[in-house]
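To be precise, the following lines are coords.cif, and they hold mmCIF, C-alpha atoms and all ligand atoms.
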```
data_work
#
loop_
_atom_site.label_atom_id
_atom_site.label_comp_id
_atom_site.auth_asym_id
_atom_site.auth_seq_id
_atom_site.Cartn_x
_atom_site.Cartn_y
_atom_site.Cartn_z
CA MET R 22 30.02 -15.55 -8.65
CA PRO R 23 29.67 -15.75 -4.89
CA PHE R 24 26.76 -14.04 -3.23
CA SER R 25 25.81 -13.40 0.37
CA ALA R 26 23.91 -16.17 2.11
CA ASP R 27 22.09 -16.05 5.40
CA PRO R 28 22.36 -19.40 7.22
CA ILE R 29 18.93 -18.90 8.80
CA LEU R 30 17.23 -18.84 5.42
CA PRO R 31 16.59 -22.27 3.88
CA PRO R 32 19.02 -23.13 1.05
CA PRO R 33 17.54 -23.47 -2.46
CA PRO R 34 17.58 -26.71 -4.45
CA PRO R 35 20.67 -27.01 -6.74
CA GLU R 36 18.80 -26.05 -9.91
CA ALA R 37 17.46 -22.86 -8.35
CA ALA R 38 20.90 -22.00 -6.95
CA ALA R 39 22.37 -22.41 -10.46
CA HIS R 40 19.67 -20.13 -11.85
CA SER R 41 20.50 -17.51 -9.22
CA ARG R 42 24.20 -17.72 -10.08
CA GLN R 43 23.38 -17.15 -13.74
CA LEU R 44 21.39 -14.02 -12.88
CA ALA R 45 24.17 -12.83 -10.55
CA GLU R 46 26.64 -13.17 -13.48
CA HIS R 47 24.27 -11.14 -15.66
CA ILE R 48 24.04 -8.37 -13.03
CA ALA R 49 27.82 -8.48 -12.56
CA GLU R 50 28.29 -7.87 -16.32
CA ALA R 51 25.90 -4.93 -16.14
CA ILE R 52 27.95 -3.44 -13.29
CA LEU R 53 31.24 -3.91 -15.16
CA SER R 54 29.87 -2.36 -18.33
CA SER R 55 28.47 0.64 -16.42
CA GLY R 56 31.71 1.94 -14.93
CA ASP R 57 31.73 -0.53 -11.97
CA TRP R 58 28.68 0.98 -10.24
CA ILE R 59 24.94 0.78 -10.85
CA PRO R 60 22.19 2.57 -8.91
CA PHE R 61 20.15 0.26 -6.69
CA SER R 62 17.13 0.82 -8.98
CA LYS R 63 19.08 -0.84 -11.82
CA TYR R 64 20.10 -3.76 -9.58
CA MET R 65 16.47 -4.23 -8.56
CA GLU R 66 15.24 -4.01 -12.15
CA LEU R 67 17.65 -6.77 -13.20
CA ALA R 68 17.07 -8.93 -10.12
CA LEU R 69 13.30 -8.87 -10.63
CA TYR R 70 12.78 -8.36 -14.37
CA ALA R 71 15.90 -9.38 -16.38
CA PRO R 72 14.38 -11.29 -19.33
CA GLY R 73 14.23 -15.03 -18.60
CA LEU R 74 16.20 -14.68 -15.36
CA GLY R 75 14.63 -12.12 -13.02
CA TYR R 76 12.47 -13.13 -10.07
CA TYR R 77 9.23 -12.11 -11.82
CA SER R 78 10.34 -12.95 -15.38
CA ALA R 79 11.44 -16.52 -14.70
CA GLY R 80 9.36 -19.48 -13.66
CA ALA R 81 9.74 -19.89 -9.86
CA ARG R 82 6.59 -20.20 -7.78
CA LYS R 83 6.12 -16.92 -5.91
CA PHE R 84 2.60 -16.72 -4.57
CA GLY R 85 0.80 -18.75 -1.91
CA PRO R 86 1.96 -21.23 0.74
CA GLU R 87 4.61 -22.89 -1.50
CA GLY R 88 5.98 -19.57 -2.70
CA ASP R 89 7.60 -16.61 -0.97
CA PHE R 90 4.67 -14.44 0.09
CA ILE R 91 0.92 -14.32 0.12
CA THR R 92 -1.20 -11.43 -1.11
CA SER R 93 -4.78 -10.45 -0.20
CA PRO R 94 -6.43 -12.02 -3.28
CA GLU R 95 -4.69 -15.31 -2.39
CA ILE R 96 -5.91 -15.18 1.20
CA SER R 97 -9.59 -15.08 0.37
CA PRO R 98 -11.95 -14.44 -2.58
CA MET R 99 -13.74 -12.03 -0.25
CA PHE R 100 -11.09 -9.47 -1.15
CA ALA R 101 -12.14 -9.62 -4.81
CA HIS R 102 -15.81 -9.65 -3.81
CA CYS R 103 -15.37 -6.35 -1.95
CA LEU R 104 -13.55 -4.84 -4.93
CA ALA R 105 -16.41 -6.03 -7.14
CA MET R 106 -18.86 -3.92 -5.11
CA ASN R 107 -16.76 -0.87 -5.86
CA ALA R 108 -16.07 -1.83 -9.51
CA ARG R 109 -19.77 -2.34 -10.06
CA GLN R 110 -20.57 1.24 -9.02
CA VAL R 111 -17.84 2.60 -11.29
CA LEU R 112 -18.75 0.47 -14.31
CA GLU R 113 -22.44 1.30 -13.95
CA LYS R 114 -21.56 5.01 -14.05
CA VAL R 115 -18.93 5.12 -16.80
CA GLY R 116 -18.98 1.72 -18.59
CA GLY R 117 -15.76 0.61 -20.30
CA ASP R 118 -13.28 -2.05 -19.21
CA VAL R 119 -11.69 -3.54 -16.13
CA LEU R 120 -7.89 -3.12 -16.26
CA GLU R 121 -5.67 -4.96 -13.80
CA LEU R 122 -1.99 -4.07 -13.47
CA GLY R 123 0.39 -6.81 -12.33
CA PRO R 124 -2.15 -9.63 -11.93
CA GLY R 125 0.40 -12.08 -10.45
CA SER R 126 -1.10 -15.56 -10.24
CA GLY R 127 -4.36 -14.33 -11.84
CA MET R 128 -6.38 -15.06 -8.70
CA LEU R 129 -7.81 -11.56 -8.34
CA ALA R 130 -8.75 -11.49 -12.04
CA ALA R 131 -10.54 -14.83 -11.67
CA ASP R 132 -12.48 -13.93 -8.52
CA LEU R 133 -13.29 -10.37 -9.61
CA PHE R 134 -14.47 -11.50 -13.05
CA ALA R 135 -16.57 -14.27 -11.48
CA GLU R 136 -18.22 -11.88 -9.05
CA LEU R 137 -18.93 -9.22 -11.68
CA LYS R 138 -20.46 -11.95 -13.83
CA THR R 139 -22.60 -13.24 -10.96
CA GLN R 140 -23.79 -9.71 -10.30
CA LYS R 141 -24.48 -9.27 -14.04
CA VAL R 142 -22.36 -6.12 -14.22
CA LYS R 143 -21.90 -4.93 -17.79
CA PHE R 144 -18.37 -4.14 -18.93
CA ASP R 145 -16.46 -4.64 -22.17
CA ARG R 146 -13.22 -6.50 -21.50
CA TYR R 147 -11.00 -7.62 -18.64
CA LEU R 148 -7.57 -6.21 -19.58
CA LEU R 149 -4.39 -7.49 -17.94
CA LEU R 150 -1.07 -5.65 -18.03
CA GLU R 151 1.69 -7.99 -16.91
CA VAL R 152 5.42 -7.46 -17.50
CA SER R 153 6.34 -11.09 -16.81
CA PRO R 154 5.85 -13.55 -19.72
CA ASP R 155 5.87 -16.47 -17.26
CA LEU R 156 3.12 -14.94 -15.13
CA ARG R 157 1.08 -14.12 -18.24
CA GLU R 158 1.05 -17.81 -19.13
CA ARG R 159 0.05 -18.78 -15.59
CA GLN R 160 -2.75 -16.21 -15.62
CA ARG R 161 -3.96 -17.43 -19.01
CA ALA R 162 -3.99 -21.06 -17.84
CA LEU R 163 -5.93 -20.25 -14.66
CA LEU R 164 -8.49 -18.06 -16.42
CA ALA R 165 -8.94 -20.49 -19.33
CA ALA R 166 -9.60 -23.31 -16.84
CA ARG R 167 -12.09 -21.28 -14.80
CA PHE R 168 -13.86 -19.50 -17.66
CA PRO R 169 -13.55 -21.66 -20.79
CA ASP R 170 -16.51 -19.89 -22.42
CA ASP R 171 -15.37 -16.37 -21.50
CA ILE R 172 -11.64 -16.52 -22.11
CA GLY R 173 -12.12 -14.28 -25.17
CA ARG R 174 -13.09 -11.43 -22.83
CA PHE R 175 -9.61 -11.41 -21.27
CA THR R 176 -6.99 -9.40 -23.17
CA TRP R 177 -3.30 -9.16 -22.25
CA LEU R 178 -1.63 -5.83 -22.97
CA ASP R 179 2.03 -5.05 -23.62
CA THR R 180 1.69 -1.40 -22.69
CA LEU R 181 -0.84 0.83 -21.01
CA PRO R 182 -3.64 1.95 -23.33
CA GLU R 183 -3.57 5.64 -24.29
CA LYS R 184 -7.12 6.06 -22.99
CA ILE R 185 -8.71 4.12 -20.15
CA ARG R 186 -12.41 4.14 -19.27
CA GLY R 187 -13.68 1.98 -16.44
CA PHE R 188 -12.18 0.39 -13.35
CA VAL R 189 -8.42 -0.01 -12.83
CA VAL R 190 -6.83 -1.99 -10.00
CA ALA R 191 -3.20 -2.57 -9.01
CA ASN R 192 -2.69 -4.69 -5.91
CA GLU R 193 0.89 -4.87 -4.60
CA VAL R 194 2.42 -3.57 -7.82
CA LEU R 195 3.88 -0.21 -6.79
CA ASP R 196 6.05 -1.83 -4.09
CA VAL R 197 7.92 -3.93 -6.69
CA VAL R 198 8.62 -1.10 -9.13
CA PRO R 199 12.37 -0.35 -8.92
CA PHE R 200 13.19 2.50 -6.54
CA ASN R 201 16.30 4.56 -5.77
CA LEU R 202 18.09 4.49 -2.43
CA VAL R 203 19.18 7.87 -1.07
CA PHE R 204 21.42 8.43 1.91
CA ARG R 205 22.29 11.52 3.96
CA HIS R 206 25.62 11.39 5.74
CA ASP R 207 27.44 14.33 7.34
CA GLY R 208 24.97 16.70 5.72
CA GLU R 209 25.78 15.43 2.20
CA TYR R 210 23.41 13.50 -0.09
CA PHE R 211 24.44 10.24 -1.75
CA GLU R 212 22.79 7.70 -3.98
CA ARG R 213 23.35 4.17 -2.79
CA GLY R 214 24.33 1.76 -5.53
CA VAL R 215 25.88 -1.64 -6.10
CA ILE R 216 29.46 -2.65 -6.93
CA LEU R 217 31.19 -5.95 -7.40
CA THR R 218 33.81 -7.19 -4.93
CA GLU R 219 35.59 -10.51 -4.58
CA ALA R 220 33.03 -11.46 -1.95
CA GLY R 221 30.08 -10.64 -4.25
CA PHE R 222 27.82 -7.61 -4.53
CA ALA R 223 28.36 -4.73 -2.10
CA TRP R 224 26.97 -1.29 -1.39
CA GLU R 225 28.71 1.85 -2.56
CA ASP R 226 27.47 5.42 -2.09
CA MET R 227 28.04 8.05 -4.79
CA PRO R 228 27.68 11.81 -4.21
CA MET R 229 24.48 12.87 -5.91
CA ALA R 230 24.52 15.28 -8.80
CA GLU R 231 21.94 18.08 -8.80
CA GLY R 232 18.68 16.84 -10.29
CA GLU R 233 15.25 15.48 -9.43
CA LEU R 234 16.52 12.66 -7.18
CA LYS R 235 18.63 15.00 -5.07
CA ARG R 236 15.80 17.52 -4.88
CA ARG R 237 13.50 14.77 -3.64
CA ALA R 238 16.05 13.42 -1.16
CA ARG R 239 16.41 16.93 0.32
CA HIS R 240 12.63 17.27 0.47
CA VAL R 241 11.78 13.95 2.16
CA ILE R 242 14.68 13.32 4.53
CA PRO R 243 13.83 14.95 7.87
CA PRO R 244 16.09 17.77 9.08
CA GLY R 245 18.97 16.77 11.34
CA ASP R 246 22.60 15.76 11.22
CA TYR R 247 22.17 12.01 11.74
CA ASP R 248 22.59 9.38 9.01
CA TYR R 249 19.36 8.70 7.13
CA LEU R 250 18.81 6.03 4.45
CA THR R 251 15.55 5.81 2.55
CA GLU R 252 13.84 5.11 -0.78
CA VAL R 253 12.44 7.37 -3.45
CA GLY R 254 10.03 5.74 -5.90
CA LEU R 255 10.30 7.91 -9.01
CA GLN R 256 9.43 5.01 -11.37
CA ALA R 257 6.33 4.04 -9.38
CA GLU R 258 5.24 7.69 -9.47
CA ALA R 259 5.72 7.70 -13.24
CA LEU R 260 3.47 4.63 -13.48
CA VAL R 261 0.74 6.31 -11.39
CA ARG R 262 1.09 9.50 -13.45
CA THR R 263 0.73 7.57 -16.71
CA VAL R 264 -2.32 5.60 -15.54
CA SER R 265 -3.94 8.76 -14.14
CA GLY R 266 -3.22 10.70 -17.32
CA ALA R 267 -4.72 7.94 -19.47
CA LEU R 268 -7.83 7.67 -17.27
CA GLU R 269 -10.58 9.32 -19.30
CA ALA R 270 -13.39 8.41 -16.93
CA GLY R 271 -13.54 6.02 -14.00
CA LEU R 272 -11.48 4.95 -11.03
CA ALA R 273 -7.98 3.59 -10.44
CA LEU R 274 -7.32 1.85 -7.13
CA PHE R 275 -3.69 1.50 -6.03
CA ILE R 276 -3.46 -0.92 -3.13
CA ASP R 277 -0.24 -1.51 -1.26
CA TYR R 278 1.62 -1.32 2.01
CA GLY R 279 2.89 2.12 2.77
CA PHE R 280 2.34 5.45 4.42
CA PRO R 281 1.75 9.10 3.72
CA GLN R 282 4.98 11.09 3.61
CA ARG R 283 5.01 12.39 7.18
CA GLU R 284 4.91 8.82 8.50
CA TYR R 285 7.15 7.28 5.86
CA TYR R 286 10.02 9.70 6.27
CA HIS R 287 9.82 9.77 10.04
CA PRO R 288 13.08 10.52 11.88
CA GLN R 289 12.92 7.07 13.51
CA ARG R 290 12.64 5.25 10.14
CA SER R 291 16.26 6.13 9.36
CA MET R 292 17.08 2.77 7.76
CA GLY R 293 14.31 2.86 5.15
CA THR R 294 11.83 0.10 4.34
CA LEU R 295 13.64 -2.13 1.83
CA ARG R 296 12.44 -5.67 2.41
CA CYS R 297 13.10 -9.01 0.69
CA HIS R 298 10.73 -11.97 0.77
CA TYR R 299 12.00 -15.52 0.55
CA ARG R 300 10.00 -18.59 1.57
CA HIS R 301 7.69 -16.59 3.83
CA ARG R 302 10.55 -14.98 5.69
CA PHE R 303 11.57 -11.40 5.25
CA HIS R 304 14.94 -9.78 5.64
CA GLY R 305 16.92 -6.80 4.39
CA ASP R 306 19.58 -8.28 2.10
CA PRO R 307 18.76 -7.79 -1.60
CA PHE R 308 22.02 -9.55 -2.58
CA PHE R 309 20.81 -12.85 -1.13
CA LEU R 310 20.00 -15.33 -3.93
CA PRO R 311 19.12 -12.83 -6.67
CA GLY R 312 16.25 -14.14 -8.76
CA LEU R 313 14.90 -16.33 -5.98
CA GLN R 314 13.47 -13.64 -3.73
CA ASP R 315 11.21 -10.63 -4.04
CA ILE R 316 12.60 -7.14 -3.34
CA THR R 317 10.20 -4.43 -2.21
CA ALA R 318 9.78 -1.17 -0.33
CA HIS R 319 6.81 0.52 1.24
CA VAL R 320 4.93 3.01 -0.93
CA ASP R 321 5.04 6.78 -0.35
CA PHE R 322 1.34 7.43 -0.97
CA SER R 323 1.69 11.23 -0.75
CA ALA R 324 4.02 11.09 -3.74
CA MET R 325 1.61 8.76 -5.58
CA GLY R 326 -1.34 11.10 -4.89
CA ALA R 327 0.68 14.09 -6.12
CA ALA R 328 1.65 12.16 -9.26
CA ALA R 329 -2.03 11.42 -9.99
CA GLU R 330 -2.98 15.06 -9.47
CA SER R 331 -0.13 16.27 -11.66
CA ALA R 332 -1.73 14.25 -14.47
CA GLY R 333 -5.04 16.07 -13.95
CA ALA R 334 -6.87 13.30 -12.05
CA GLU R 335 -8.52 13.67 -8.66
CA VAL R 336 -7.57 11.85 -5.48
CA LEU R 337 -10.99 10.64 -4.43
CA GLY R 338 -9.88 8.96 -1.25
CA PHE R 339 -7.08 7.40 0.72
CA THR R 340 -7.88 4.90 3.40
CA THR R 341 -6.82 1.69 5.11
CA GLN R 342 -7.56 -1.79 3.78
CA ALA R 343 -9.67 -2.51 6.88
CA TYR R 344 -11.84 0.57 6.32
CA PHE R 345 -12.23 -0.11 2.60
CA LEU R 346 -13.14 -3.79 2.98
CA ILE R 347 -15.51 -3.30 5.92
CA SER R 348 -17.35 -0.45 4.28
CA SER R 349 -17.58 -2.48 1.06
CA GLY R 350 -19.59 -5.14 2.90
CA LEU R 351 -17.01 -7.61 4.18
CA ALA R 352 -18.74 -8.10 7.53
CA VAL R 353 -22.06 -8.79 5.83
CA MET R 354 -20.42 -11.33 3.53
CA VAL R 355 -18.98 -13.22 6.50
CA SER R 356 -22.02 -13.15 8.75
CA GLY R 357 -24.28 -14.10 5.84
CA GLY R 358 -22.56 -17.52 5.51
CA ASP R 359 -24.37 -20.79 6.10
CA PRO R 360 -24.20 -21.48 9.89
CA SER R 361 -24.04 -25.25 9.27
CA MET R 362 -20.68 -24.85 7.51
CA THR R 363 -18.78 -24.30 10.71
CA LEU R 364 -15.30 -25.15 9.42
CA SER R 365 -15.46 -23.00 6.34
CA ARG R 366 -16.97 -20.18 8.43
CA LEU R 367 -14.04 -20.49 10.77
CA LYS R 368 -11.56 -20.40 7.89
CA ALA R 369 -13.35 -17.42 6.48
CA THR R 370 -13.06 -15.68 9.80
CA SER R 371 -9.33 -16.30 10.06
CA ALA R 372 -8.92 -14.99 6.49
CA VAL R 373 -10.90 -11.92 7.48
CA HIS R 374 -8.65 -11.48 10.48
CA ARG R 375 -5.58 -11.44 8.23
CA LEU R 376 -7.14 -8.98 5.83
CA ILE R 377 -8.39 -6.43 8.34
CA SER R 378 -6.60 -6.85 11.67
CA PRO R 379 -4.38 -3.85 12.53
CA SER R 380 -1.60 -6.27 13.44
CA GLU R 381 -1.80 -7.97 10.01
CA MET R 382 -2.78 -6.21 6.76
CA GLY R 383 -5.65 -4.00 7.92
CA GLU R 384 -3.74 -0.82 8.79
CA LEU R 385 -0.46 -1.09 6.91
CA PHE R 386 -2.17 -1.70 3.57
CA LYS R 387 -3.78 1.37 2.05
CA PHE R 388 -6.17 2.05 -0.80
CA LEU R 389 -5.51 5.15 -2.91
CA ALA R 390 -8.47 5.96 -5.17
CA VAL R 391 -7.78 8.14 -8.19
CA ALA R 392 -10.72 9.25 -10.30
CA ARG R 393 -11.74 11.30 -13.26
CA ASP R 394 -15.20 12.27 -14.39
CA LEU R 395 -16.86 10.16 -11.72
CA ASP R 396 -19.70 11.46 -9.56
CA GLY R 397 -21.07 10.40 -6.24
CA PRO R 398 -19.74 8.62 -3.16
CA LEU R 399 -18.23 5.21 -3.72
CA LEU R 400 -18.39 2.17 -1.47
CA GLY R 401 -15.20 1.82 0.52
CA MET R 402 -14.38 5.49 -0.02
CA GLN R 403 -17.36 7.25 1.55
CA SER R 404 -15.30 9.84 3.34
CA ALA R 405 -12.94 11.22 0.74
CA ARG R 406 -9.37 11.60 2.02
CA HIS R 407 -10.30 9.57 5.07
CA LEU R 408 -6.58 9.66 5.87
CA MET R 409 -4.45 12.72 5.15
CA LEU R 410 -2.04 12.27 2.25
C1 LIG R 501 3.77 -8.71 -5.76
S1 LIG R 501 3.08 -9.20 -7.26
C2 LIG R 501 1.35 -8.91 -6.97
C3 LIG R 501 0.47 -9.79 -7.79
C4 LIG R 501 -1.04 -9.61 -7.63
N1 LIG R 501 -1.48 -8.29 -7.95
C5 LIG R 501 -1.52 -10.03 -6.26
O1 LIG R 501 -2.01 -9.18 -5.54
O2 LIG R 501 -1.38 -11.20 -5.91
C6 LIG R 501 3.54 -7.92 -8.38
C7 LIG R 501 3.03 -8.07 -9.81
O3 LIG R 501 3.25 -6.86 -10.55
C8 LIG R 501 3.87 -7.17 -11.80
N2 LIG R 501 4.53 -5.93 -12.25
C9 LIG R 501 5.67 -5.38 -11.81
N3 LIG R 501 5.92 -4.21 -12.42
C10 LIG R 501 4.88 -3.97 -13.25
C11 LIG R 501 4.54 -2.93 -14.16
N4 LIG R 501 5.33 -1.87 -14.34
N5 LIG R 501 3.39 -3.04 -14.86
C12 LIG R 501 2.60 -4.12 -14.70
N6 LIG R 501 2.88 -5.15 -13.87
C13 LIG R 501 3.99 -5.08 -13.16
C14 LIG R 501 4.71 -8.37 -11.46
O4 LIG R 501 5.15 -9.09 -12.58
C15 LIG R 501 3.69 -9.16 -10.61
O5 LIG R 501 2.71 -9.78 -11.39
#
```
Take the structure in the file and give it back as structure tokens.
Ligand SMILES: C[S@@+](CC[C@H](N)C(=O)[O-])C[C@H]1O[C@@H](n2cnc3c(N)ncnc32)[C@H](O)[C@@H]1O
Amino acid sequence: MPFSADPILPPPPPEAAAHSRQLAEHIAEAILSSGDWIPFSKYMELALYAPGLGYYSAGARKFGPEGDFITSPEISPMFAHCLAMNARQVLEKVGGDVLELGPGSGMLAADLFAELKTQKVKFDRYLLLEVSPDLRERQRALLAARFPDDIGRFTWLDTLPEKIRGFVVANEVLDVVPFNLVFRHDGEYFERGVILTEAGFAWEDMPMAEGELKRRARHVIPPGDYDYLTEVGLQAEALVRTVSGALEAGLALFIDYGFPQREYYHPQRSMGTLRCHYRHRFHGDPFFLPGLQDITAHVDFSAMGAAAESAGAEVLGFTTQAYFLISSGLAVMVSGGDPSMTLSRLKATSAVHRLISPSEMGELFKFLAVARDLDGPLLGMQSARHLML
């Protein structure tokens, strides 16, 4: 099956190209057996999570310099060290477990566990919820190598527990949960989906039936008569609602790139935020090499906050990554380094720059803190609702 290819993006090795073709065939079959059209959310689900074939389910290297993108925990262990300051406060108040959603390479789990251990913080288990069997194995290998005596404290889960007590963290998970594409044209609302043509996958808009998606499209798309394409993350909201509902006592931190609704659905953002990551380049074509690239969108944090509140939890705070990390002691960690280690200090400083600079991850990345039965101010979240949701 042919698929679109951008000549600027580096071509994959033959084996990877064959893998992508196999996944493309699988998606094509799904389209044909669904009346020749699937919503974009279905395309994304298959492209990322089709068993054995999807980008996250299969074995390609995704994280770090040899992969497609780099996340905060991969940039520096200082990210995990700041989270540990916050986790420590929560675990000392409510006890219980640490639960990480979508642990990726396992780097955050390793550095957070190490720091909590160094600080002698008491907690029961480090739980990991990972949908990708391949990533589970990578996480297990990394954690077993780093903590051979403690590997029994790590437990992989297939589903969310019914009750959660303790500290929950999800870094860059919500942006890869399949979302729907909605489009306003000539005053009518459409859902954008995927069809098969002789040239490969192509877009096709379907008039939207009345229902939750149409209600949401009407609500978020700004008034006007111009074309407007955007995303609605109903599945990500469902995930936040489920975690928040299960949270018996403690804190859940959702960290991702995104905006509150008034910024997200701005009249000028009329092409949405869909973004694909391939070999450290990003572009807007999700049909390019399915299975070999990540597909994401920014997170609508107002919707995530509302989902948490609808499950009876409290939004304790919403702030930028820079604010959270600095007020969790990042600056002290850097300036407290050994002055004789000039090179590593320098590296640390450039990592810090990436994590907190407004032109890098500092402003675009947000921390949404959802709590239940948790008293007192928390590091990184001193001024609750620091930003308006
Ligand atoms: C972009 S990666 C981020 C990895 C890691 N948290 C980090 O910061 O490096 C997204 C991760 O979320 C996982 N994931 C996607 N959907 C999920 C879900 N519904 N529940 C749990 N994990 C999920 C993916 O398999 C992957 O491990």
Inset, instruction - Return as a PyMOL selection string every polymer residue, whether protein, DNA or RNA, with at least one atom no more than 8 Å from an atom of ligand LIG 501 (chain R); count only C-alpha atoms and all ligand atoms. - result: chain R and resi 70+77-78+84+91-95+121-129+150-153+156+191-198+257+260+315
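Counting all atoms listed in the file, R:Gly266 has the following residues at most 7 Å away, ignoring those fewer than 2 positions along the same chain: Arg262, Thr263, Val264, Leu268, Ala332, Gly333 and Ala334 of chain R.
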Legend entry - Nearest to R:Phe175 by atom-to-atom distance, counting all atoms listed in the file, from R:Glu252, R:Asp145, R:Asp277, R:Asp321: R:Asp145
Legend entry - Selected residue of minimal separation from R:Thr139 among R:Met106, R:Met382, R:Ile276, R:Leu74, counting only C-alpha atoms: R:Met106
Legend entry - For R:Leu178, the nearest of the candidates R:Met99, R:Ala68, R:Leu148, R:Ala165, counting all atoms listed in the file: R:Leu148
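Proximity of R:Leu30, R:Leu272, R:Ala352, R:Cys297 to R:Val391, computed with all atoms listed in the file, is greatest for R:Leu272.
Atom pair atom CA of R:Gln110 / atom CA of R:Pro398 has a distance of 9.5 Å (rounded to one decimal).
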Legend entry - Top pick for closest residue to R:His40, considering R:Ala329, R:Leu250, R:Leu310, R:Val353 and counting all atoms listed in the file: R:Leu310
Inset, instruction - Calculate how many Å separate atom CA of R:Gly56 from atom CA of R:Leu217, rounding to one decimal. - result: 10.9 Å
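Here atom CA of R:Arg296 stands at a distance of 5.3 Å from atom CA of R:Thr317.
Closest to R:Pro288 among R:Ile242, R:Leu104, R:Ile52, R:Val336 is R:Ile242, based on only C-alpha atoms.
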Inset, instruction - Identify the residues around (-3.9, -1.4, 2.0) within a radius of 10 Å, measuring from only C-alpha atoms in the coordinates stated by the file, and give them as a ChimeraX atom specification. - result: /R:93,192-193,275-280,339-346,376-377,382-389
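With only C-alpha atoms taken into account, the protein and nucleic acid residues at most 9 Å from R:Glu225 (excluding it and anything under 2 positions from it in its own chain) are R:Trp58, R:Glu212, R:Arg213, R:Gly214, R:Val215, R:Ile216, R:Ala223, R:Met227.
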Legend entry - For R:Pro199: contacts at 8 Å, all atoms listed in the file, fewer than 3 positions along chain excluded, given as a PyMOL selection string: chain R and resi 62-63+65-66+254+256-257
Inset, instruction - Show which residues sit within 12 Å of R:Val142, as a VMD selection string. Count only C-alpha atoms, and ignore same-chain residues fewer than 5 positions away. - result: chain R and resid 105 to 114 116 to 119 133 to 137
Grab the residues selected above and save them as a short mmCIF file (atom, residue, chain, number, x, y, z; two decimals), in the frame of the given file with C-alpha atoms.
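Printed below is result-v9.cif as written:
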```
data_model
loop_
_atom_site.label_atom_id
_atom_site.label_comp_id
_atom_site.auth_asym_id
_atom_site.auth_seq_id
_atom_site.Cartn_x
_atom_site.Cartn_y
_atom_site.Cartn_z
CA ALA R 105 -16.41 -6.03 -7.14
CA MET R 106 -18.86 -3.92 -5.11
CA ASN R 107 -16.76 -0.87 -5.86
CA ALA R 108 -16.07 -1.83 -9.51
CA ARG R 109 -19.77 -2.34 -10.06
CA GLN R 110 -20.57 1.24 -9.02
CA VAL R 111 -17.84 2.60 -11.29
CA LEU R 112 -18.75 0.47 -14.31
CA GLU R 113 -22.44 1.30 -13.95
CA LYS R 114 -21.56 5.01 -14.05
CA GLY R 116 -18.98 1.72 -18.59
CA GLY R 117 -15.76 0.61 -20.30
CA ASP R 118 -13.28 -2.05 -19.21
CA VAL R 119 -11.69 -3.54 -16.13
CA LEU R 133 -13.29 -10.37 -9.61
CA PHE R 134 -14.47 -11.50 -13.05
CA ALA R 135 -16.57 -14.27 -11.48
CA GLU R 136 -18.22 -11.88 -9.05
CA LEU R 137 -18.93 -9.22 -11.68
#
```
